[in-house]
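Here is input_0.csv, consisting of CSV, C-alpha atoms:
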```
chain,number,residue,atom,x,y,z
C,1484,MET,CA,53.7,95.9,71.4
C,1485,THR,CA,54.1,95.6,75.1
C,1486,GLU,CA,57.2,96.8,76.8
C,1487,LYS,CA,59.1,94.5,79.1
C,1488,MET,CA,58.6,95.5,82.7
C,1489,GLU,CA,61.8,96.1,84.5
C,1490,LYS,CA,62.2,95.4,88.2
C,1491,PRO,CA,62.3,98.7,90.1
C,1492,GLU,CA,65.4,99.5,92.0
C,1493,SER,CA,65.3,99.3,95.8
C,1494,LYS,CA,65.8,102.5,97.7
C,1495,GLU,CA,69.2,101.3,98.9
C,1496,GLU,CA,70.3,100.5,95.4
C,1497,ALA,CA,69.2,103.8,94.2
C,1498,VAL,CA,71.2,105.6,96.9
C,1499,ASP,CA,74.3,103.5,96.2
C,1500,GLY,CA,74.0,104.3,92.5
C,1501,PHE,CA,73.6,108.0,93.1
C,1502,PHE,CA,76.8,108.5,95.1
C,1503,PRO,CA,80.1,107.7,93.5
C,1504,ILE,CA,81.3,106.2,96.8
C,1505,ASP,CA,81.2,102.5,97.6
C,1506,GLU,CA,79.3,101.5,100.7
C,1507,HIS,CA,81.6,100.3,103.5
C,1508,GLU,CA,81.2,96.6,104.2
C,1509,GLU,CA,82.7,94.9,107.3
C,1510,GLU,CA,82.7,91.3,108.4
C,1511,VAL,CA,81.6,90.8,112.0
C,1512,ILE,CA,81.2,87.7,114.1
C,1513,GLU,CA,77.7,87.1,115.5
C,1514,GLU,CA,76.9,84.0,117.4
C,1515,GLY,CA,80.0,82.4,116.1
C,1516,GLN,CA,79.1,83.0,112.4
C,1517,PRO,CA,80.8,85.6,110.1
C,1518,ILE,CA,78.3,88.1,108.8
C,1519,ARG,CA,78.9,91.0,106.5
C,1520,ARG,CA,77.4,94.3,107.6
C,1521,LYS,CA,77.1,97.5,105.6
C,1522,GLY,CA,77.6,101.0,106.9
C,1523,ILE,CA,79.4,102.5,109.9
C,1524,TYR,CA,78.4,103.4,113.4
C,1525,LEU,CA,77.7,107.1,113.7
C,1526,LEU,CA,78.1,107.9,117.4
C,1527,PRO,CA,81.7,106.8,118.2
C,1528,ASN,CA,82.9,108.1,114.8
C,1529,LEU,CA,81.4,111.5,115.6
C,1530,PHE,CA,83.8,111.7,118.6
C,1531,THR,CA,86.7,110.6,116.5
C,1532,THR,CA,85.9,113.2,113.8
C,1533,GLY,CA,85.8,115.8,116.6
C,1534,ASN,CA,89.2,114.6,117.7
C,1535,LEU,CA,90.6,114.9,114.1
C,1536,PHE,CA,89.1,118.4,113.8
C,1537,GLY,CA,90.8,119.5,117.0
C,1538,GLY,CA,94.2,118.4,115.7
C,1539,PHE,CA,93.6,120.0,112.3
C,1540,TYR,CA,92.5,123.3,113.9
C,1541,ALA,CA,95.5,123.3,116.2
C,1542,ILE,CA,97.8,123.2,113.2
C,1543,ILE,CA,96.0,126.1,111.5
C,1544,ALA,CA,95.8,128.2,114.7
C,1545,ALA,CA,99.6,127.7,115.4
C,1546,GLN,CA,100.5,128.8,111.9
C,1547,ALA,CA,98.4,131.9,112.6
C,1548,GLY,CA,100.3,132.5,115.9
C,1549,ASN,CA,97.3,131.7,118.1
C,1550,PHE,CA,99.0,129.2,120.3
C,1551,GLY,CA,96.6,129.4,123.2
C,1552,MET,CA,93.7,128.3,121.0
C,1553,ALA,CA,95.9,125.6,119.4
C,1554,CYS,CA,96.7,124.1,122.7
C,1555,VAL,CA,93.1,124.2,123.9
C,1556,ALA,CA,92.0,122.4,120.7
C,1557,VAL,CA,94.5,119.6,121.4
C,1558,PHE,CA,93.3,119.1,125.0
C,1559,VAL,CA,89.6,119.1,123.9
C,1560,ALA,CA,90.6,116.5,121.2
C,1561,MET,CA,92.1,114.4,124.1
C,1562,ILE,CA,88.8,114.4,125.8
C,1563,LEU,CA,87.0,113.3,122.6
C,1564,ASP,CA,89.6,110.6,122.0
C,1565,GLY,CA,89.0,109.2,125.4
C,1566,LEU,CA,85.3,109.2,124.9
C,1567,ASP,CA,85.0,107.5,121.5
C,1568,GLY,CA,86.4,104.1,122.6
C,1569,ARG,CA,84.4,104.1,125.8
C,1570,VAL,CA,81.2,105.1,124.0
C,1571,ALA,CA,81.8,102.3,121.4
C,1572,ARG,CA,82.2,99.7,124.2
C,1573,MET,CA,79.3,100.9,126.2
C,1574,THR,CA,76.9,101.0,123.2
C,1575,ASN,CA,78.4,97.9,121.6
C,1576,THR,CA,79.3,99.8,118.4
C,1577,MET,CA,82.9,98.7,118.1
C,1578,SER,CA,84.2,98.1,114.6
C,1579,LYS,CA,87.4,97.6,112.7
C,1580,PHE,CA,86.6,100.8,110.7
C,1581,GLY,CA,86.3,102.7,114.0
C,1582,GLU,CA,89.7,101.4,115.2
C,1583,GLN,CA,91.5,102.4,112.1
C,1584,TYR,CA,89.8,105.8,111.8
C,1585,ASP,CA,90.7,106.5,115.5
C,1586,SER,CA,94.3,105.6,114.9
C,1587,LEU,CA,94.6,107.8,111.9
C,1588,ALA,CA,92.9,110.7,113.7
C,1589,ASP,CA,95.3,110.2,116.6
C,1590,MET,CA,98.3,110.5,114.3
C,1591,VAL,CA,97.1,113.9,113.1
C,1592,THR,CA,96.1,115.2,116.5
C,1593,PHE,CA,98.8,113.7,118.8
C,1594,GLY,CA,101.5,113.2,116.2
C,1595,VAL,CA,101.6,115.9,113.6
C,1596,ALA,CA,99.7,118.7,115.5
C,1597,PRO,CA,102.0,118.9,118.6
C,1598,ALA,CA,105.1,118.8,116.4
C,1599,MET,CA,103.8,121.6,114.2
C,1600,VAL,CA,102.7,123.7,117.2
C,1601,ALA,CA,106.1,123.3,118.9
C,1602,PHE,CA,107.9,124.1,115.7
C,1603,SER,CA,105.8,127.2,115.0
C,1604,TRP,CA,106.2,128.4,118.5
C,1605,ALA,CA,109.9,127.9,119.2
C,1606,LEU,CA,111.7,125.1,117.3
C,1607,HIS,CA,111.9,127.1,114.1
C,1608,ASP,CA,114.4,129.4,115.7
C,1609,LEU,CA,116.8,126.4,116.0
C,1610,GLY,CA,117.0,126.0,112.2
C,1611,LYS,CA,117.5,122.4,110.9
C,1612,PHE,CA,117.9,121.1,114.4
C,1613,GLY,CA,114.5,122.4,115.3
C,1614,TRP,CA,112.6,120.8,112.4
C,1615,MET,CA,114.6,117.6,112.9
C,1616,VAL,CA,113.3,117.4,116.5
C,1617,ALA,CA,109.8,118.1,115.4
C,1618,PHE,CA,110.1,115.3,112.8
C,1619,ILE,CA,111.5,112.9,115.3
C,1620,TYR,CA,108.5,113.5,117.5
C,1621,ALA,CA,106.0,112.9,114.7
C,1622,ALA,CA,107.8,109.8,113.5
C,1623,CYS,CA,107.9,108.4,117.0
C,1624,ALA,CA,104.2,109.0,117.3
C,1625,ALA,CA,103.6,107.0,114.1
C,1626,LEU,CA,105.8,104.2,115.3
C,1627,ARG,CA,104.1,104.2,118.7
C,1628,LEU,CA,100.6,103.9,117.1
C,1629,ALA,CA,101.7,101.2,114.7
C,1630,ARG,CA,103.2,99.2,117.5
C,1631,PHE,CA,100.1,99.6,119.7
C,1632,ASN,CA,97.9,98.4,116.9
C,1633,ALA,CA,100.1,95.4,116.1
C,1634,GLN,CA,100.3,94.3,119.8
C,1635,ILE,CA,96.8,95.2,120.9
C,1636,GLU,CA,95.7,91.6,121.2
C,1637,THR,CA,98.7,90.4,123.2
C,1638,THR,CA,99.6,93.2,125.6
C,1639,ASP,CA,98.4,93.7,129.2
C,1640,SER,CA,95.6,96.2,129.0
C,1641,ASN,CA,96.5,97.5,132.5
C,1642,TYR,CA,99.7,99.1,131.1
C,1643,PHE,CA,101.0,101.0,128.0
C,1644,THR,CA,104.3,100.0,126.5
C,1645,GLY,CA,105.8,103.4,126.1
C,1646,LEU,CA,104.2,106.8,126.8
C,1647,ALA,CA,100.8,107.0,125.1
C,1648,SER,CA,100.6,109.5,122.2
C,1649,PRO,CA,97.9,111.6,123.9
C,1650,ALA,CA,100.0,112.0,127.0
C,1651,ALA,CA,103.1,112.8,125.0
C,1652,ALA,CA,101.1,115.4,123.1
C,1653,ALA,CA,99.7,116.9,126.3
C,1654,LEU,CA,103.3,117.2,127.6
C,1655,VAL,CA,104.5,119.1,124.5
C,1656,ILE,CA,101.3,121.2,124.2
C,1657,GLY,CA,101.2,121.9,127.9
C,1658,LEU,CA,104.7,123.4,127.8
C,1659,VAL,CA,103.7,125.6,124.9
C,1660,TRP,CA,100.5,126.7,126.6
C,1661,ALA,CA,102.1,127.3,130.0
C,1662,LEU,CA,105.0,129.4,128.7
C,1663,SER,CA,103.1,131.3,126.0
C,1664,ASP,CA,100.5,132.2,128.6
C,1665,LEU,CA,103.3,133.7,130.7
C,1666,GLY,CA,104.4,135.8,127.7
C,1667,PHE,CA,107.2,133.7,126.3
C,1668,ASN,CA,107.0,133.7,122.5
C,1669,GLY,CA,109.6,131.0,121.9
C,1670,GLU,CA,112.2,133.4,120.4
C,1671,SER,CA,114.6,132.9,123.3
C,1672,THR,CA,117.2,130.4,122.6
C,1673,SER,CA,116.9,128.9,126.1
C,1674,VAL,CA,113.1,128.5,125.7
C,1675,ALA,CA,113.6,126.9,122.2
C,1676,LEU,CA,116.2,124.4,123.7
C,1677,LEU,CA,113.7,123.5,126.5
C,1678,ALA,CA,111.0,123.0,123.9
C,1679,ALA,CA,113.4,120.8,121.9
C,1680,LEU,CA,114.3,118.8,125.0
C,1681,ILE,CA,110.6,118.2,126.0
C,1682,THR,CA,109.5,117.4,122.4
C,1683,GLY,CA,112.4,115.1,121.6
C,1684,GLY,CA,112.1,113.4,125.1
C,1685,ALA,CA,108.4,112.8,124.7
C,1686,GLY,CA,109.0,111.2,121.3
C,1687,ILE,CA,111.7,108.9,122.7
C,1688,LEU,CA,109.4,107.9,125.6
C,1689,MET,CA,106.7,106.9,123.1
C,1690,VAL,CA,108.8,104.3,121.5
C,1691,SER,CA,110.6,103.1,124.7
C,1692,ASN,CA,109.7,99.9,126.5
C,1693,ILE,CA,108.9,101.7,129.7
C,1694,ARG,CA,105.5,100.7,131.1
C,1695,TYR,CA,102.9,103.2,132.1
C,1696,GLN,CA,99.6,102.7,133.9
C,1697,SER,CA,96.7,102.8,131.4
C,1698,PHE,CA,93.8,103.3,133.9
C,1699,LYS,CA,91.6,101.3,131.5
C,1700,LYS,CA,90.2,99.2,134.3
C,1701,ILE,CA,88.4,102.1,136.0
C,1702,ASP,CA,84.7,101.1,136.1
C,1703,LEU,CA,82.7,104.2,135.2
C,1704,ARG,CA,79.4,102.4,135.6
C,1705,GLY,CA,80.0,100.9,139.1
C,1706,ARG,CA,79.1,102.4,142.4
C,1707,VAL,CA,81.8,104.3,144.3
C,1708,HIS,CA,82.0,106.0,147.7
C,1709,PHE,CA,80.7,109.6,147.8
C,1710,ILE,CA,84.2,110.9,148.7
C,1711,PHE,CA,85.4,109.9,145.1
C,1712,LEU,CA,82.9,112.3,143.6
C,1713,LEU,CA,84.0,115.1,145.9
C,1714,ALA,CA,87.6,114.4,145.0
C,1715,ILE,CA,86.7,114.7,141.3
C,1716,VAL,CA,85.0,118.1,141.9
C,1717,LEU,CA,88.0,119.3,143.8
C,1718,ALA,CA,90.3,118.1,141.0
C,1719,PHE,CA,88.3,120.1,138.4
C,1720,ALA,CA,88.5,123.2,140.6
C,1721,VAL,CA,92.3,122.9,140.9
C,1722,VAL,CA,92.7,122.4,137.1
C,1723,PHE,CA,90.4,125.4,136.2
C,1724,MET,CA,92.3,127.7,138.6
C,1725,ASP,CA,95.3,127.6,136.3
C,1726,PRO,CA,94.7,125.2,133.4
C,1727,PRO,CA,98.0,125.7,131.5
C,1728,ARG,CA,100.4,125.0,134.3
C,1729,THR,CA,98.3,122.5,136.2
C,1730,LEU,CA,97.9,120.3,133.2
C,1731,LEU,CA,101.6,120.6,132.4
C,1732,MET,CA,102.5,119.5,135.9
C,1733,ILE,CA,100.0,116.6,135.8
C,1734,PHE,CA,101.3,115.2,132.5
C,1735,LEU,CA,104.9,115.9,133.4
C,1736,ALA,CA,104.4,113.8,136.5
C,1737,TYR,CA,102.8,111.0,134.5
C,1738,ALA,CA,105.6,111.1,131.9
C,1739,CYS,CA,108.2,110.8,134.7
C,1740,SER,CA,106.3,108.1,136.6
C,1741,GLY,CA,107.3,105.4,134.0
C,1742,PRO,CA,111.1,105.9,134.2
C,1743,ILE,CA,110.9,106.3,138.0
C,1744,THR,CA,108.9,103.1,138.5
C,1745,ALA,CA,111.3,101.3,136.1
C,1746,ILE,CA,114.3,102.4,138.2
C,1747,PHE,CA,112.7,101.3,141.4
C,1748,ARG,CA,111.7,98.0,139.9
C,1749,LEU,CA,115.3,97.4,138.6
C,1750,GLY,CA,116.7,98.3,142.0
C,1751,GLY,CA,114.4,95.9,143.7
C,1752,GLU,CA,115.4,92.9,141.6
C,1753,PRO,CA,117.5,90.2,143.3
C,1754,GLY,CA,121.3,90.6,142.8
C,1755,LYS,CA,121.0,94.2,141.7
```
Could you write out this structure as structure tokens?
Amino acid sequence: MTEKMEKPESKEEAVDGFFPIDEHEEEVIEEGQPIRRKGIYLLPNLFTTGNLFGGFYAIIAAQAGNFGMACVAVFVAMILDGLDGRVARMTNTMSKFGEQYDSLADMVTFGVAPAMVAFSWALHDLGKFGWMVAFIYAACAALRLARFNAQIETTDSNYFTGLASPAAAALVIGLVWALSDLGFNGESTSVALLAALITGGAGILMVSNIRYQSFKKIDLRGRVHFIFLLAIVLAFAVVFMDPPRTLLMIFLAYACSGPITAIFRLGGEPGK
């Protein structure tokens, strides 16, 4: 008696059946037609994963009292966060999955991690007020990211509405790095109050309606004058002379630029 021949499984079906995880499918538009594609793009999501790891490592390092490494991890994550979107656009590997993954990674790295680092360093000495400030910052970061995702199709890409979460994180982390590098351990009440002011202020700026330059229109592939490259080299030299305090000053200036510009704009309106 002959047995009925069964159609052999394809390699893709065999792999899908082996792993108890469904393959990601996403609808994309190609030549005006919706097409379903399987899988995710590797390159931009590698940068996003590095961003997420930096935030997670910062939390672990802060709990162990290693605040210098925690701050460095967040700044490295900022670089990776800036690269993932640009790499996706340059290689035409943008996807809805990547956008959502990037937003969730940003919440950990620029929302939870700075709040935990600041709390472990100084805010815990303020008791309930300290953890309330840390929570306000984390909640404002979540609200900022949710608003950004909801308005991404309608807002002017030249500006951010509210302080961007990476810049807010750099402000908080920069303060911790600069002062801890000078030997302040956050146990002083005045230092803890300063940390609360900066952390809470950064959170409020994230959810404000103040506009900030986004610098998204900078063309990295175009030709520029030689002097621009020289300026970049000098900027790197200045930063690496004293990274903690230089970065703090840069992001403090950027955080203040929004309110200052808004005040000048309000003062320049007719009838004001």
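Between C:Arg1728 and the residues C:Val1595, C:Ile1635, C:Ala1588, C:Ile1656, the shortest atom-to-atom distance, using all atoms listed in the file, involves C:Ile1656.
Closest approach to C:Ala1621 from the set C:Gln1634, C:Ser1640, C:Ser1586, C:Thr1592 is made by C:Thr1592, with distances taken over all atoms listed in the file.
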A straight line from atom CA of C:Val1721 to atom CA of C:Gly1741 spans 24.1 Å
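Here atom CA of C:Ala1596 and atom CA of C:Phe1539 stand 7.0 Å from one another.
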Residues near C:Ala1679, cut-off 8 Å, only C-alpha atoms, skip fewer than 3 positions along chain, as a short mmCIF file (atom, residue, chain, number, x, y, z; two decimals) with C-alpha atoms, in the frame of the given file:
```cif
data_model
loop_
_atom_site.label_atom_id
_atom_site.label_comp_id
_atom_site.auth_asym_id
_atom_site.auth_seq_id
_atom_site.Cartn_x
_atom_site.Cartn_y
_atom_site.Cartn_z
CA LEU C 1606 111.70 125.10 117.30
CA GLY C 1613 114.50 122.40 115.30
CA VAL C 1616 113.30 117.40 116.50
CA ALA C 1617 109.80 118.10 115.40
CA ALA C 1675 113.60 126.90 122.20
CA LEU C 1676 116.20 124.40 123.70
CA THR C 1682 109.50 117.40 122.40
CA GLY C 1683 112.40 115.10 121.60
#
```
Considering only C-alpha atoms, give me a table of residues in stretch 1660-1720 of chain C that are at most 8 Å from stretch 1549-1570 of chain C, with the closest atom pair and distance in Å for each, as a tab-separated table.
```
residue	atom	partner	partner_atom	distance
C:Trp1660	CA	C:Gly1551	CA	5.8
C:Ser1663	CA	C:Gly1551	CA	7.3
C:Asp1664	CA	C:Gly1551	CA	7.2
```
Identify which of the residues C:Tyr1584, C:Trp1604, C:Tyr1695, C:Phe1631 lies closest to C:Phe1530, counting all atoms listed in the file when measuring atom-to-atom distances. C:Tyr1584
